[in-house]
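Chemist: So here's target_37.cif, just mmCIF, C-alpha atoms:
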data_entry
#
loop_
_atom_site.label_atom_id
_atom_site.label_comp_id
_atom_site.auth_asym_id
_atom_site.auth_seq_id
_atom_site.Cartn_x
_atom_site.Cartn_y
_atom_site.Cartn_z
CA MET K 1164 0.00 0.00 0.00
CA ARG K 1165 1.56 3.26 -1.11
CA ALA K 1166 0.20 5.19 1.88
CA GLU K 1167 1.98 2.90 4.33
CA TYR K 1168 4.74 5.30 5.39
CA PHE K 1169 2.02 7.95 5.85
CA VAL K 1170 0.07 5.59 8.11
CA VAL K 1171 3.20 5.02 10.22
CA LEU K 1172 3.64 8.81 10.58
CA GLY K 1173 0.00 9.13 11.60
CA LEU K 1174 0.37 6.46 14.27
CA ILE K 1175 3.50 8.15 15.65
CA LEU K 1176 1.67 11.49 15.93
CA LEU K 1177 -1.89 10.52 16.89
CA PHE K 1178 -1.79 9.95 20.66
CA PRO K 1179 0.90 12.52 21.50
CA LEU K 1180 -1.03 15.18 19.55
CA ILE K 1181 -4.29 14.47 21.39
CA LEU K 1182 -2.64 14.19 24.81
CA SER K 1183 -0.60 17.38 24.30
CA PHE K 1184 -3.82 19.33 24.93
CA ASP K 1185 -4.11 17.85 28.44
CA ARG K 1186 -4.34 20.75 30.88
CA LYS K 1187 -1.25 19.60 32.76
CA LEU K 1188 0.87 20.04 29.64
CA SER K 1189 -1.00 22.50 27.37
CA LEU K 1190 1.82 22.40 24.85
CA TYR K 1191 -0.06 24.74 22.48
CA ARG K 1192 0.72 27.57 24.89
CA HIS K 1193 4.39 27.20 23.99
CA GLY K 1194 3.94 27.76 20.27
CA ARG K 1195 7.06 29.84 19.69
CA ALA K 1196 9.34 27.55 21.70
CA LEU K 1197 7.89 24.51 19.88
CA VAL K 1198 8.48 26.05 16.46
CA LEU K 1199 12.03 27.13 17.35
CA ALA K 1200 13.05 23.77 18.82
CA VAL K 1201 11.46 21.66 16.09
CA THR K 1202 12.78 23.85 13.24
CA GLY K 1203 16.24 24.00 14.81
CA MET K 1204 16.38 20.21 14.88
CA CYS K 1205 14.82 19.71 11.42
CA ILE K 1206 17.24 21.89 9.44
CA PRO K 1207 20.46 19.94 10.13
CA PHE K 1208 18.64 16.59 9.95
CA TRP K 1209 16.94 17.39 6.64
CA VAL K 1210 20.39 18.27 5.28
CA TRP K 1211 21.91 15.06 6.66
CA ASP K 1212 19.03 13.00 5.28
CA GLY K 1213 19.25 14.64 1.85
CA VAL K 1214 23.03 14.23 1.56
CA ALA K 1215 22.88 10.63 2.85
CA ALA K 1216 20.14 9.74 0.35
CA LEU K 1217 22.16 11.39 -2.43
CA ARG K 1218 25.24 9.34 -1.52
CA GLY K 1219 23.26 6.12 -1.30
CA HIS K 1220 23.41 5.56 2.46
CA TRP K 1221 19.69 4.79 2.27
CA TRP K 1222 16.73 5.08 -0.05
CA PHE K 1223 12.97 4.64 0.10
CA ASN K 1224 10.78 1.87 -1.25
CA ASP K 1225 8.32 3.42 -3.75
CA GLN K 1226 5.87 0.58 -3.05
CA PHE K 1227 5.13 2.24 0.31
CA THR K 1228 5.41 5.98 -0.41
CA VAL K 1229 2.81 8.13 -2.19
CA GLY K 1230 5.29 9.25 -4.83
CA VAL K 1231 5.45 12.97 -4.05
CA GLY K 1232 8.90 14.24 -3.15
CA TRP K 1233 11.36 17.11 -3.12
CA MET K 1234 15.14 17.12 -3.43
CA GLY K 1235 15.36 13.34 -3.62
CA LEU K 1236 13.32 12.66 -0.47
CA PRO K 1237 9.69 11.53 -0.35
CA VAL K 1238 7.25 13.93 1.34
CA GLU K 1239 6.82 11.40 4.17
CA GLU K 1240 10.53 11.66 5.00
CA TRP K 1241 10.34 15.48 5.12
CA LEU K 1242 7.42 15.21 7.56
CA PHE K 1243 9.15 12.56 9.68
CA PHE K 1244 11.43 15.11 11.42
CA PRO K 1245 8.88 17.72 12.56
CA ILE K 1246 6.56 14.92 13.71
CA VAL K 1247 9.26 13.14 15.71
CA GLY K 1248 10.42 16.51 17.09
CA PHE K 1249 6.94 17.30 18.38
CA VAL K 1250 6.50 13.79 19.79
CA SER K 1251 9.91 14.05 21.52
CA ILE K 1252 8.97 17.32 23.22
CA PHE K 1253 5.60 15.87 24.25
CA THR K 1254 7.28 12.76 25.71
CA TRP K 1255 9.95 14.85 27.47
CA GLU K 1256 7.39 17.11 29.12
CA SER K 1257 5.26 14.10 30.12
CA THR K 1258 8.29 12.38 31.62
CA ARG K 1259 9.25 15.53 33.53
CA TYR K 1260 5.72 15.85 34.89
CA LEU K 1261 5.37 12.19 35.89
CA TRP K 1262 8.93 11.99 37.25
CA GLY K 1263 8.46 15.15 39.32
CA ARG K 1264 5.18 13.84 40.75
CA ARG K 1265 6.79 10.50 41.64
CA ARG K 1266 9.65 12.29 43.42
CA ARG K 1267 7.24 14.38 45.51
CA GLN K 1268 5.35 11.37 46.86
CA MET M 639 35.30 4.08 8.94
CA ARG M 640 32.07 3.65 6.99
CA GLU M 641 30.31 6.91 6.16
CA TYR M 642 27.01 6.40 8.02
CA THR M 643 28.86 4.96 11.02
CA PHE M 644 31.17 7.99 11.13
CA ALA M 645 28.33 10.52 10.67
CA ALA M 646 26.26 8.85 13.40
CA ILE M 647 29.11 8.88 15.95
CA ALA M 648 30.05 12.47 15.04
CA SER M 649 26.43 13.61 15.49
CA VAL M 650 26.32 12.19 19.03
CA VAL M 651 29.60 13.93 19.95
CA LEU M 652 28.37 17.25 18.54
CA VAL M 653 25.01 17.10 20.31
CA VAL M 654 26.59 16.19 23.67
CA LEU M 655 29.03 19.11 23.25
CA LEU M 656 26.09 21.42 22.46
CA ASP M 657 24.29 20.19 25.59
CA ARG M 658 27.38 21.20 27.59
CA ALA M 659 27.98 24.48 25.75
CA LEU M 660 24.40 25.69 26.24
CA ARG M 661 24.47 24.47 29.86
CA THR M 662 21.25 22.49 29.45
CA ARG M 663 23.11 19.46 30.90
CA LEU M 664 20.41 17.00 29.92
CA THR M 665 22.84 14.07 29.80
CA GLY M 666 23.50 14.49 33.52
CA ARG M 667 19.84 14.20 34.53
CA VAL M 668 18.12 10.94 35.49
CA GLU M 669 14.76 11.94 33.99
CA PHE M 670 16.46 12.52 30.64
CA TRP M 671 17.60 8.89 30.50
CA VAL M 672 14.15 7.69 31.59
CA PHE M 673 12.71 9.78 28.74
CA MET M 674 15.28 8.39 26.25
CA ALA M 675 14.41 4.82 27.29
CA VAL M 676 10.73 5.54 26.59
CA MET M 677 11.61 7.07 23.19
CA PHE M 678 13.79 4.07 22.28
CA GLY M 679 10.92 1.74 23.21
CA PHE M 680 8.71 3.43 20.62
CA LYS M 681 11.66 3.68 18.24
CA LEU M 682 12.05 -0.12 18.29
CA LEU M 683 8.42 -0.39 17.24
CA PHE M 684 8.31 2.26 14.47
CA ASN M 685 11.90 2.14 13.19
CA GLY M 686 11.57 -1.63 13.42
CA TYR M 687 8.54 -1.57 11.15
CA LEU M 688 10.14 0.82 8.64
CA THR M 689 13.24 -1.37 8.34
CA TRP M 690 11.40 -4.71 8.44
CA ARG M 691 8.95 -3.92 5.64
CA PRO M 692 11.31 -2.45 4.32
CA ILE M 693 10.13 1.10 3.70
CA VAL M 694 13.70 2.36 4.06
CA ILE M 695 16.59 0.38 2.57
CA TYR M 696 20.27 0.83 3.53
CA GLY M 697 23.35 0.81 1.31
CA GLU M 698 25.44 -2.09 2.61
CA ARG M 699 28.73 -0.27 1.97
CA PHE M 700 27.94 2.62 4.32
CA TYR M 701 27.13 1.02 7.67
CA LEU M 702 28.60 -1.75 9.84
CA GLY M 703 25.91 -4.22 8.85
CA MET M 704 25.00 -4.98 12.45
CA ARG M 705 21.31 -4.76 13.24
CA VAL M 706 19.18 -4.95 16.37
CA TRP M 707 16.21 -6.95 15.12
CA THR M 708 15.96 -5.18 11.71
CA ILE M 709 17.35 -1.79 12.80
CA PRO M 710 20.94 -0.83 11.87
CA LEU M 711 23.05 -0.01 14.94
CA GLU M 712 23.78 3.46 13.53
CA ASP M 713 20.06 4.33 13.56
CA PHE M 714 20.14 4.35 17.37
CA LEU M 715 22.88 6.99 17.36
CA PHE M 716 21.01 8.96 14.66
CA GLY M 717 17.85 8.81 16.79
CA PHE M 718 19.68 9.79 19.96
CA SER M 719 21.17 12.90 18.29
CA MET M 720 17.89 13.91 16.68
CA ILE M 721 15.87 13.60 19.89
CA THR M 722 18.53 15.17 22.12
CA LEU M 723 19.08 18.16 19.80
CA CYS M 724 15.35 18.86 19.81
CA ILE M 725 15.12 18.73 23.62
CA VAL M 726 18.26 20.88 24.11
CA LEU M 727 16.73 23.56 21.86
CA TRP M 728 13.34 23.19 23.56
CA GLU M 729 14.87 23.68 27.02
CA VAL M 730 16.74 26.79 25.86
CA ALA M 731 13.67 28.23 24.12
CA ARG M 732 11.24 27.51 26.94
CA SER M 733 13.35 28.44 29.93
CA ARG M 734 15.39 31.36 28.54
CA LEU M 735 13.82 32.85 25.42
CA PHE M 736 10.05 32.62 25.91
CA ARG M 737 9.80 32.38 29.66
CA SER M 738 6.64 34.37 30.29
CA SER M 739 4.44 32.32 27.95
CA HIS M 740 3.28 29.98 30.71
CA HIS M 741 2.54 30.90 34.29
CA GLN M 742 3.80 27.58 35.61
CA ALA M 743 7.06 27.56 33.68
CA GLY M 744 9.06 29.39 36.34
CA ALA M 745 7.72 27.27 39.17
CA ARG M 746 8.43 24.05 37.33
CA GLU M 747 11.94 25.20 36.54
CA ALA M 748 12.66 25.92 40.20
CA GLU M 749 11.16 22.61 41.16
CA SER M 750 13.31 20.62 38.74
CA ARG M 751 16.44 22.48 39.91
CA ALA M 752 15.63 21.52 43.50
CA PHE M 753 15.87 17.84 42.59
CA ASP M 754 19.11 18.08 40.60
#
Show the structure stored in the file as structure tokens.
Modeler:
Amino acid sequence: MRAEYFVVLGLILLFPLILSFDRKLSLYRHGRALVLAVTGMCIPFWVWDGVAALRGHWWFNDQFTVGVGWMGLPVEEWLFFPIVGFVSIFTWESTRYLWGRRRRQ
Amino acid sequence: MREYTFAAIASVVLVVLLDRALRTRLTGRVEFWVFMAVMFGFKLLFNGYLTWRPIVIYGERFYLGMRVWTIPLEDFLFGFSMITLCIVLWEVARSRLFRSSHHQAGAREAESRAFD
């Protein structure tokens, strides 16, 4: 199925995105910090990914990608980094919250 | 050294140096390693699927050829750098650049310092 990589991205994002609106986290209130952190991570990793793909370190199976791409990378791969960046920040903030609560008990 | 192997090791060194230089010191905090363990748990699942299918295919000449399940060893270093860079930047942005955006941010910062 050509949408398969897209489905994987959706599964990575789904629960963190919903739970990020929990009042204890309210990540949407940190819009500027989110954009800065995610963009700052994406730029060097997009470059790495693009150069690595160009040199043949890895490539993508067109059986499982929708076939839209830019600079040698499928659109799914471009989206992979901002999605994982957001999920990382969500998981970090959740860990900090739960860890802090555990320590106070 | 093989190109992907070298790039992956170099990225970890650079990110750890950045964590020191910006004084975020994530690598010295217990909750950071708890967080990384959680991330690697999900990484095994998703990266595992991508490499098992395979949706992403690796050039044999560029990595060591050692895999954990279906995941090349270098992918764990790549993932570590990617995740850590994002959290270093997030900590700097949230605690130094955009402090006032959340009324609890200051309190939580003080609280986490108290446990360090």
Chemist: As a check of understanding, name the residues that the PyMOL selection byres ((chain K and resi 1234) around 12) selects in the supplied structure, as a VMD selection string.
Modeler: chain K and resid 1209 to 1210 1212 to 1217 1231 to 1233 1235 to 1238 1240 to 1241
Chemist: Please evaluate the PyMOL selection byres ((chain M) within 8 of (chain K)) against the structure above and give the resulting residues as number ranges by chain.
Modeler: M: 641-642, 669-670, 672-673, 677, 684, 688, 692-701, 720-721, 723-728, 731-732, 735-736, 739-740, 750
Chemist: Would you write out those residues with C-alpha atoms, as a PDB file, keeping the file's coordinate frame?
Modeler:
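Contents of result.pdb, freshly written:
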ATOM      1  CA  GLU M 641      30.310   6.910   6.160  1.00  0.00           C
ATOM      2  CA  TYR M 642      27.010   6.400   8.020  1.00  0.00           C
ATOM      3  CA  GLU M 669      14.760  11.940  33.990  1.00  0.00           C
ATOM      4  CA  PHE M 670      16.460  12.520  30.640  1.00  0.00           C
ATOM      5  CA  VAL M 672      14.150   7.690  31.590  1.00  0.00           C
ATOM      6  CA  PHE M 673      12.710   9.780  28.740  1.00  0.00           C
ATOM      7  CA  MET M 677      11.610   7.070  23.190  1.00  0.00           C
ATOM      8  CA  PHE M 684       8.310   2.260  14.470  1.00  0.00           C
ATOM      9  CA  LEU M 688      10.140   0.820   8.640  1.00  0.00           C
ATOM     10  CA  PRO M 692      11.310  -2.450   4.320  1.00  0.00           C
ATOM     11  CA  ILE M 693      10.130   1.100   3.700  1.00  0.00           C
ATOM     12  CA  VAL M 694      13.700   2.360   4.060  1.00  0.00           C
ATOM     13  CA  ILE M 695      16.590   0.380   2.570  1.00  0.00           C
ATOM     14  CA  TYR M 696      20.270   0.830   3.530  1.00  0.00           C
ATOM     15  CA  GLY M 697      23.350   0.810   1.310  1.00  0.00           C
ATOM     16  CA  GLU M 698      25.440  -2.090   2.610  1.00  0.00           C
ATOM     17  CA  ARG M 699      28.730  -0.270   1.970  1.00  0.00           C
ATOM     18  CA  PHE M 700      27.940   2.620   4.320  1.00  0.00           C
ATOM     19  CA  TYR M 701      27.130   1.020   7.670  1.00  0.00           C
ATOM     20  CA  MET M 720      17.890  13.910  16.680  1.00  0.00           C
ATOM     21  CA  ILE M 721      15.870  13.600  19.890  1.00  0.00           C
ATOM     22  CA  LEU M 723      19.080  18.160  19.800  1.00  0.00           C
ATOM     23  CA  CYS M 724      15.350  18.860  19.810  1.00  0.00           C
ATOM     24  CA  ILE M 725      15.120  18.730  23.620  1.00  0.00           C
ATOM     25  CA  VAL M 726      18.260  20.880  24.110  1.00  0.00           C
ATOM     26  CA  LEU M 727      16.730  23.560  21.860  1.00  0.00           C
ATOM     27  CA  TRP M 728      13.340  23.190  23.560  1.00  0.00           C
ATOM     28  CA  ALA M 731      13.670  28.230  24.120  1.00  0.00           C
ATOM     29  CA  ARG M 732      11.240  27.510  26.940  1.00  0.00           C
ATOM     30  CA  LEU M 735      13.820  32.850  25.420  1.00  0.00           C
ATOM     31  CA  PHE M 736      10.050  32.620  25.910  1.00  0.00           C
ATOM     32  CA  SER M 739       4.440  32.320  27.950  1.00  0.00           C
ATOM     33  CA  HIS M 740       3.280  29.980  30.710  1.00  0.00           C
ATOM     34  CA  SER M 750      13.310  20.620  38.740  1.00  0.00           C
TER      35      SER M 750
END
Chemist: Kindly give the distance, in Å, that separates CA of Ser719 in chain M and CA of Ala646 in chain M, rounded to a single decimal.
Modeler: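 About the pair CA of Ser719 in chain M and CA of Ala646 in chain M: they are 8.1 Å apart.
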Chemist: Find the residues around range 648-663 of chain M up to 8 Å (all atoms listed in the file counted), leave out those fewer than 4 positions away in its own chain, and share them as a ChimeraX atom specification.
Modeler: /M:644,667,715-716,718-719,722-723,726,729-730
Chemist: CA of Leu664 in chain M and CA of Leu1177 in chain K are how many Å apart?
Modeler: 26.6 Å
Chemist: Mind pulling up the distance from CA of Met704 in chain M to CA of Leu683 in chain M?
Modeler: 17.9 Å
